[in-house]
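Everything on this sheet refers to the single structure shown next.
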Amino acid sequence: MAHTTIYLGCTVPQLLKGASRIFPSHSALGVLRHSSFYYCTVNGTIKSKRKMDHLERTANNFRQEVITQAKVCGITNESETVKRLRLAIANKDFTFKAGQWVDFFIPGVSVVGGFSICSSPGLLEREGILELAVKHTVHPPAHWVHTECTLDSEVALRVGDLHGYQEGKGNGHKLGTVKLYYSAKNTSELLFKKNILGLMNTFPGKITCCFHVTQQRSQICKELQPHVTEGRISEKDLEKHVSNNTSWYICGPPPMIESISKLLSNIGVPGNRVFFEKWW
């Protein structure tokens with residue numbers, strides 16, 4: 001049975017790393033399918049709680065035993081608020097699957113960070129490189145990345161997952177389609193937009209995207225104009241995709257997850273077809 005995936009989010013590293021499951025020998029770009037998103041959790045009643053430390057929040061989640069040293073070999077600004085770290089991995093036994101995060105240990109910083117991996121397993125296999133996209137916050141690990149991290153800074157990493165590690169055996173679904181709704185304050189905060197446009201061009205009709213901007217002040221470039229809508233993701237945008245063969249994946253801060261989950265419920269999407277991870 002062909003399958004449709006709707007991905008709604010304020011961040012997109014998960015989209016890119018999920019794509020890498022299909023073509024691990026390429027960059028984090030490829031076809032997405034239902035099984036790519038096994039790291040998400042099934043929707044239920046959700047309420048914001050006090051802000052917990054990363055290790056406390058993920059205490060019951062699976063972790064690999066391997067902790068590896070890594071050296072920062074590249075730092076780029078993906079936007080005004082997000083830096084991409086390029087890390088050279090020292091341990092040849094270090095591996096990860098698409099959809100996993102890392103515990104991020106920083107010498108001299110007592111708080112352990114938790115960041116989603118935004119590069120593909122293929123990049124690690126070919127070059128021994130792993131990449132993280134880190135948004136600026138006052139949280140000590142993220143603050144360190146934006147204010148103190150330099151080339152050759154040394155850190156340590158350990159891979160974590162929302163479910164126990166298992167080899168992918170497929171789930172009986174044929175390749176379907178993916179529709180991404182991606183919302184940000186403005187186009188400069190739409191991370192990896194060129195990569196996403198590249199996916200759309202490479203797999204026409206299979207992967208499509210609608211970018212939403214809520215506080216755009218400057219003119220939108222011609223390349224993006226056909227794909228950009230001003231305003232938030234709405235019920236009208238989503239109701240046309242409701243079907244028994246559609247799964248919905250939400251990525252963003254808790255208020256966004258709660259709002260979209262309620263919206264989907266209102267348009268008749270069953271709770272067991274909605275998946276998310278409440279990361280913050």
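Labels used: A, B, ... for chains in the order of the structure tokens, numbers from 1 for residues in each chain, and numbers from 1 for ligands as shown.
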
Surrounding residues of region 67-70 of chain A excluding itself and chain neighbours under 3 positions, 7 Å, only C-alpha atoms, as a ChimeraX atom specification: /A:87-91,94,154-158

Residue contacts of region 133-146 of chain A (7 Å, only C-alpha atoms) excluding same-chain residues fewer than 6 positions away, as a count of residues only: 9

Find the residues around Glu131 (chain A) up to 10 Å (only C-alpha atoms counted), leave out those fewer than 4 positions away in its own chain, and share them as an mmCIF file with N, CA and C atoms, in the first residue's frame.
data_model
loop_
_atom_site.group_PDB
_atom_site.id
_atom_site.type_symbol
_atom_site.label_atom_id
_atom_site.label_comp_id
_atom_site.auth_asym_id
_atom_site.auth_seq_id
_atom_site.Cartn_x
_atom_site.Cartn_y
_atom_site.Cartn_z
ATOM 1 N N PRO A 13 16.323 19.285 10.640
ATOM 2 C CA PRO A 13 17.362 18.268 10.583
ATOM 3 C C PRO A 13 16.802 16.854 10.501
ATOM 4 N N VAL A 72 36.060 19.593 16.729
ATOM 5 C CA VAL A 72 35.347 20.513 15.841
ATOM 6 C C VAL A 72 36.249 20.871 14.665
ATOM 7 N N GLY A 74 34.756 22.273 11.716
ATOM 8 C CA GLY A 74 34.055 23.247 10.891
ATOM 9 C C GLY A 74 32.910 23.889 11.657
ATOM 10 N N ILE A 75 32.743 25.203 11.487
ATOM 11 C CA ILE A 75 31.639 25.936 12.107
ATOM 12 C C ILE A 75 31.077 26.898 11.068
ATOM 13 N N ARG A 84 26.017 25.396 12.472
ATOM 14 C CA ARG A 84 26.245 24.000 12.115
ATOM 15 C C ARG A 84 27.663 23.632 12.529
ATOM 16 N N LEU A 85 27.765 22.601 13.367
ATOM 17 C CA LEU A 85 29.066 22.092 13.786
ATOM 18 C C LEU A 85 29.429 20.884 12.950
ATOM 19 N N ARG A 86 30.643 20.872 12.474
ATOM 20 C CA ARG A 86 31.181 19.732 11.735
ATOM 21 C C ARG A 86 32.215 19.082 12.651
ATOM 22 N N LEU A 87 31.983 17.813 12.996
ATOM 23 C CA LEU A 87 32.799 17.141 13.996
ATOM 24 C C LEU A 87 33.544 15.954 13.391
ATOM 25 N N ALA A 88 34.847 15.905 13.607
ATOM 26 C CA ALA A 88 35.655 14.755 13.187
ATOM 27 C C ALA A 88 35.608 13.724 14.306
ATOM 28 N N PHE A 115 21.599 16.959 21.182
ATOM 29 C CA PHE A 115 21.372 17.576 19.877
ATOM 30 C C PHE A 115 21.081 16.521 18.819
ATOM 31 N N SER A 116 20.115 16.814 17.956
ATOM 32 C CA SER A 116 19.805 15.914 16.846
ATOM 33 C C SER A 116 20.903 15.981 15.783
ATOM 34 N N ILE A 117 21.189 14.854 15.196
ATOM 35 C CA ILE A 117 22.196 14.777 14.138
ATOM 36 C C ILE A 117 21.559 15.225 12.823
ATOM 37 N N CYS A 118 22.193 16.126 12.104
ATOM 38 C CA CYS A 118 21.599 16.640 10.864
ATOM 39 C C CYS A 118 22.345 16.166 9.616
ATOM 40 N N SER A 119 23.340 15.298 9.796
ATOM 41 C CA SER A 119 24.041 14.725 8.645
ATOM 42 C C SER A 119 23.658 13.261 8.503
ATOM 43 N N SER A 120 24.099 12.650 7.419
ATOM 44 C CA SER A 120 23.721 11.266 7.138
ATOM 45 C C SER A 120 24.744 10.279 7.697
ATOM 46 N N LEU A 123 27.809 10.082 5.435
ATOM 47 C CA LEU A 123 28.913 11.033 5.599
ATOM 48 C C LEU A 123 29.896 10.529 6.654
ATOM 49 N N LEU A 124 29.380 9.958 7.725
ATOM 50 C CA LEU A 124 30.252 9.396 8.751
ATOM 51 C C LEU A 124 31.068 8.230 8.193
#

Each residue of region 129-227 of chain A with at least one atom at most 10 Å from region 235-249 of chain A should appear once, together with its nearest atom pair and the corresponding distance in Å (one decimal); atoms considered: only C-alpha atoms; ordering: chain, then increasing residue number; output as CSV.
residue,atom,partner,partner_atom,distance
A:Gly176,CA,A:Asn245,CA,9.5
A:Thr177,CA,A:Thr246,CA,9.4
A:Val178,CA,A:Thr246,CA,9.6
A:Lys179,CA,A:His241,CA,9.1
A:Leu180,CA,A:Tyr249,CA,9.4
A:Tyr181,CA,A:Asp237,CA,8.9
A:Cys210,CA,A:Asp237,CA,9.5

Mind checking DSSP for region 63-122 of chain A and telling me the strand (DSSP E or B) residues as a compact mmCIF listing (two decimals) with N, CA and C atoms, in the first residue's frame?
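Output below, filename states.txt:
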# COMPACT_ATOMS: atom_id res chain seq x y z
N ARG A 63 20.65 4.03 24.85
CA ARG A 63 21.89 4.67 24.47
C ARG A 63 22.92 3.62 24.09
N GLN A 64 23.73 3.95 23.10
CA GLN A 64 24.84 3.06 22.78
C GLN A 64 25.89 3.15 23.88
N GLU A 65 26.68 2.11 24.02
CA GLU A 65 27.71 2.10 25.04
C GLU A 65 28.91 2.95 24.66
N VAL A 66 29.13 3.13 23.37
CA VAL A 66 30.33 3.82 22.90
C VAL A 66 30.24 5.32 23.14
N ILE A 67 31.21 5.87 23.84
CA ILE A 67 31.39 7.31 23.95
C ILE A 67 32.68 7.65 23.21
N THR A 68 32.59 8.55 22.28
CA THR A 68 33.76 8.85 21.45
C THR A 68 34.18 10.30 21.58
N GLN A 69 35.47 10.52 21.47
CA GLN A 69 36.00 11.88 21.40
C GLN A 69 35.78 12.42 19.98
N ALA A 70 35.56 13.71 19.90
CA ALA A 70 35.36 14.36 18.61
C ALA A 70 36.01 15.74 18.64
N LYS A 71 36.46 16.18 17.47
CA LYS A 71 37.09 17.50 17.37
C LYS A 71 36.32 18.35 16.36
N VAL A 72 36.06 19.59 16.73
CA VAL A 72 35.35 20.51 15.84
C VAL A 72 36.25 20.87 14.67
N CYS A 73 35.81 20.54 13.46
CA CYS A 73 36.62 20.83 12.27
C CYS A 73 35.92 21.79 11.31
N GLY A 74 34.76 22.27 11.72
CA GLY A 74 34.05 23.25 10.89
C GLY A 74 32.91 23.89 11.66
N ILE A 75 32.74 25.20 11.49
CA ILE A 75 31.64 25.94 12.11
C ILE A 75 31.08 26.90 11.07
N THR A 76 29.81 26.76 10.77
CA THR A 76 29.18 27.68 9.81
C THR A 76 27.87 28.20 10.38
N ASN A 77 27.48 29.39 9.95
CA ASN A 77 26.21 29.98 10.37
C ASN A 77 25.13 29.58 9.37
N VAL A 82 21.36 29.90 14.28
CA VAL A 82 21.72 28.48 14.23
C VAL A 82 23.12 28.31 13.66
N LYS A 83 23.94 27.56 14.38
CA LYS A 83 25.27 27.20 13.89
C LYS A 83 25.31 25.71 13.54
N ARG A 84 26.02 25.40 12.47
CA ARG A 84 26.25 24.00 12.12
C ARG A 84 27.66 23.63 12.53
N LEU A 85 27.77 22.60 13.37
CA LEU A 85 29.07 22.09 13.79
C LEU A 85 29.43 20.88 12.95
N ARG A 86 30.64 20.87 12.47
CA ARG A 86 31.18 19.73 11.73
C ARG A 86 32.21 19.08 12.65
N LEU A 87 31.98 17.81 13.00
CA LEU A 87 32.80 17.14 14.00
C LEU A 87 33.54 15.95 13.39
N ALA A 88 34.85 15.90 13.61
CA ALA A 88 35.66 14.75 13.19
C ALA A 88 35.61 13.72 14.31
N ILE A 89 35.13 12.52 13.98
CA ILE A 89 34.93 11.46 14.97
C ILE A 89 36.18 10.59 15.06
N TRP A 101 19.91 11.02 18.16
CA TRP A 101 20.55 12.22 18.65
C TRP A 101 21.88 11.83 19.30
N VAL A 102 22.62 12.86 19.80
CA VAL A 102 23.81 12.58 20.60
C VAL A 102 23.73 13.30 21.94
N ASP A 103 24.19 12.62 22.99
CA ASP A 103 24.56 13.31 24.23
C ASP A 103 25.85 14.04 23.93
N PHE A 104 25.93 15.31 24.31
CA PHE A 104 27.04 16.18 23.92
C PHE A 104 27.77 16.62 25.17
N PHE A 105 28.96 16.07 25.40
CA PHE A 105 29.74 16.34 26.61
C PHE A 105 30.82 17.38 26.30
N GLY A 113 24.54 18.31 26.87
CA GLY A 113 23.61 18.71 25.82
C GLY A 113 23.01 17.51 25.12
N GLY A 114 21.93 17.74 24.41
CA GLY A 114 21.31 16.72 23.58
C GLY A 114 20.93 17.34 22.26
N PHE A 115 21.60 16.96 21.18
CA PHE A 115 21.37 17.58 19.88
C PHE A 115 21.08 16.52 18.82
N SER A 116 20.12 16.81 17.96
CA SER A 116 19.81 15.91 16.85
C SER A 116 20.90 15.98 15.78
N ILE A 117 21.19 14.85 15.20
CA ILE A 117 22.20 14.78 14.14
C ILE A 117 21.56 15.22 12.82

Counting only C-alpha atoms, the residue of A:Thr58, A:Gly128, A:Thr214, A:Gly160 that sits nearest Lys97 (chain A): A:Gly160

DSSP helix (DSSP H, G or I) residues within region 33-165 of chain A, as a PyMOL selection string: chain A and resi 34-37+54-57+121-127+140-147

Emit the selected residues as a PDB file, in the first residue's frame, including N, CA and C atoms.
ATOM      1  N   HIS A  34       7.929   5.894   5.330  1.00  0.00           N
ATOM      2  CA  HIS A  34       7.331   5.799   6.650  1.00  0.00           C
ATOM      3  C   HIS A  34       8.323   5.303   7.697  1.00  0.00           C
ATOM      4  N   SER A  35       9.104   4.275   7.369  1.00  0.00           N
ATOM      5  CA  SER A  35       9.988   3.669   8.355  1.00  0.00           C
ATOM      6  C   SER A  35      11.142   4.585   8.737  1.00  0.00           C
ATOM      7  N   SER A  36      11.353   5.655   7.994  1.00  0.00           N
ATOM      8  CA  SER A  36      12.437   6.574   8.319  1.00  0.00           C
ATOM      9  C   SER A  36      12.220   7.258   9.658  1.00  0.00           C
ATOM     10  N   PHE A  37      11.000   7.274  10.159  1.00  0.00           N
ATOM     11  CA  PHE A  37      10.682   8.100  11.305  1.00  0.00           C
ATOM     12  C   PHE A  37      10.378   7.291  12.557  1.00  0.00           C
ATOM     13  N   HIS A  54      18.467  17.538  29.943  1.00  0.00           N
ATOM     14  CA  HIS A  54      18.443  16.552  28.852  1.00  0.00           C
ATOM     15  C   HIS A  54      18.584  15.119  29.360  1.00  0.00           C
ATOM     16  N   LEU A  55      19.545  14.866  30.243  1.00  0.00           N
ATOM     17  CA  LEU A  55      19.745  13.506  30.729  1.00  0.00           C
ATOM     18  C   LEU A  55      18.557  13.028  31.556  1.00  0.00           C
ATOM     19  N   GLU A  56      17.940  13.926  32.290  1.00  0.00           N
ATOM     20  CA  GLU A  56      16.752  13.567  33.075  1.00  0.00           C
ATOM     21  C   GLU A  56      15.590  13.237  32.154  1.00  0.00           C
ATOM     22  N   ARG A  57      15.418  14.049  31.125  1.00  0.00           N
ATOM     23  CA  ARG A  57      14.294  13.863  30.203  1.00  0.00           C
ATOM     24  C   ARG A  57      14.409  12.557  29.424  1.00  0.00           C
ATOM     25  N   PRO A 121      24.302   9.043   7.968  1.00  0.00           N
ATOM     26  CA  PRO A 121      25.271   7.995   8.319  1.00  0.00           C
ATOM     27  C   PRO A 121      26.314   7.793   7.225  1.00  0.00           C
ATOM     28  N   GLY A 122      25.919   8.059   5.970  1.00  0.00           N
ATOM     29  CA  GLY A 122      26.855   7.910   4.862  1.00  0.00           C
ATOM     30  C   GLY A 122      28.043   8.856   4.965  1.00  0.00           C
ATOM     31  N   LEU A 123      27.809  10.082   5.435  1.00  0.00           N
ATOM     32  CA  LEU A 123      28.913  11.033   5.599  1.00  0.00           C
ATOM     33  C   LEU A 123      29.896  10.529   6.654  1.00  0.00           C
ATOM     34  N   LEU A 124      29.380   9.958   7.725  1.00  0.00           N
ATOM     35  CA  LEU A 124      30.252   9.396   8.751  1.00  0.00           C
ATOM     36  C   LEU A 124      31.068   8.230   8.193  1.00  0.00           C
ATOM     37  N   GLU A 125      30.419   7.371   7.412  1.00  0.00           N
ATOM     38  CA  GLU A 125      31.117   6.217   6.844  1.00  0.00           C
ATOM     39  C   GLU A 125      32.215   6.640   5.875  1.00  0.00           C
ATOM     40  N   ARG A 126      31.923   7.657   5.050  1.00  0.00           N
ATOM     41  CA  ARG A 126      32.884   8.066   4.018  1.00  0.00           C
ATOM     42  C   ARG A 126      34.014   8.917   4.560  1.00  0.00           C
ATOM     43  N   GLU A 127      33.658   9.869   5.451  1.00  0.00           N
ATOM     44  CA  GLU A 127      34.629  10.892   5.840  1.00  0.00           C
ATOM     45  C   GLU A 127      34.923  10.937   7.336  1.00  0.00           C
ATOM     46  N   PRO A 140      23.283  25.962  28.767  1.00  0.00           N
ATOM     47  CA  PRO A 140      24.755  25.992  28.732  1.00  0.00           C
ATOM     48  C   PRO A 140      25.416  25.325  27.531  1.00  0.00           C
ATOM     49  N   PRO A 141      25.015  24.107  27.110  1.00  0.00           N
ATOM     50  CA  PRO A 141      25.692  23.521  25.946  1.00  0.00           C
ATOM     51  C   PRO A 141      25.491  24.326  24.660  1.00  0.00           C
ATOM     52  N   ALA A 142      24.247  24.777  24.412  1.00  0.00           N
ATOM     53  CA  ALA A 142      23.985  25.578  23.218  1.00  0.00           C
ATOM     54  C   ALA A 142      24.702  26.930  23.307  1.00  0.00           C
ATOM     55  N   HIS A 143      24.711  27.516  24.489  1.00  0.00           N
ATOM     56  CA  HIS A 143      25.405  28.797  24.689  1.00  0.00           C
ATOM     57  C   HIS A 143      26.898  28.633  24.424  1.00  0.00           C
ATOM     58  N   TRP A 144      27.473  27.516  24.861  1.00  0.00           N
ATOM     59  CA  TRP A 144      28.894  27.246  24.611  1.00  0.00           C
ATOM     60  C   TRP A 144      29.165  27.159  23.116  1.00  0.00           C
ATOM     61  N   VAL A 145      28.315  26.448  22.388  1.00  0.00           N
ATOM     62  CA  VAL A 145      28.500  26.304  20.945  1.00  0.00           C
ATOM     63  C   VAL A 145      28.538  27.669  20.272  1.00  0.00           C
ATOM     64  N   HIS A 146      27.689  28.588  20.711  1.00  0.00           N
ATOM     65  CA  HIS A 146      27.581  29.885  20.046  1.00  0.00           C
ATOM     66  C   HIS A 146      28.571  30.932  20.544  1.00  0.00           C
ATOM     67  N   THR A 147      29.151  30.734  21.714  1.00  0.00           N
ATOM     68  CA  THR A 147      30.007  31.787  22.274  1.00  0.00           C
ATOM     69  C   THR A 147      31.451  31.362  22.535  1.00  0.00           C
TER      70      THR A 147
END

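Put simply, CA of Glu189 (chain A) is 5.6 Å away from CA of Ser79 (chain A).
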
Best match for closeness to Cys209 (chain A) among A:Asn60, A:Ser183, A:Ser188, A:Thr150, counting only C-alpha atoms: A:Ser183
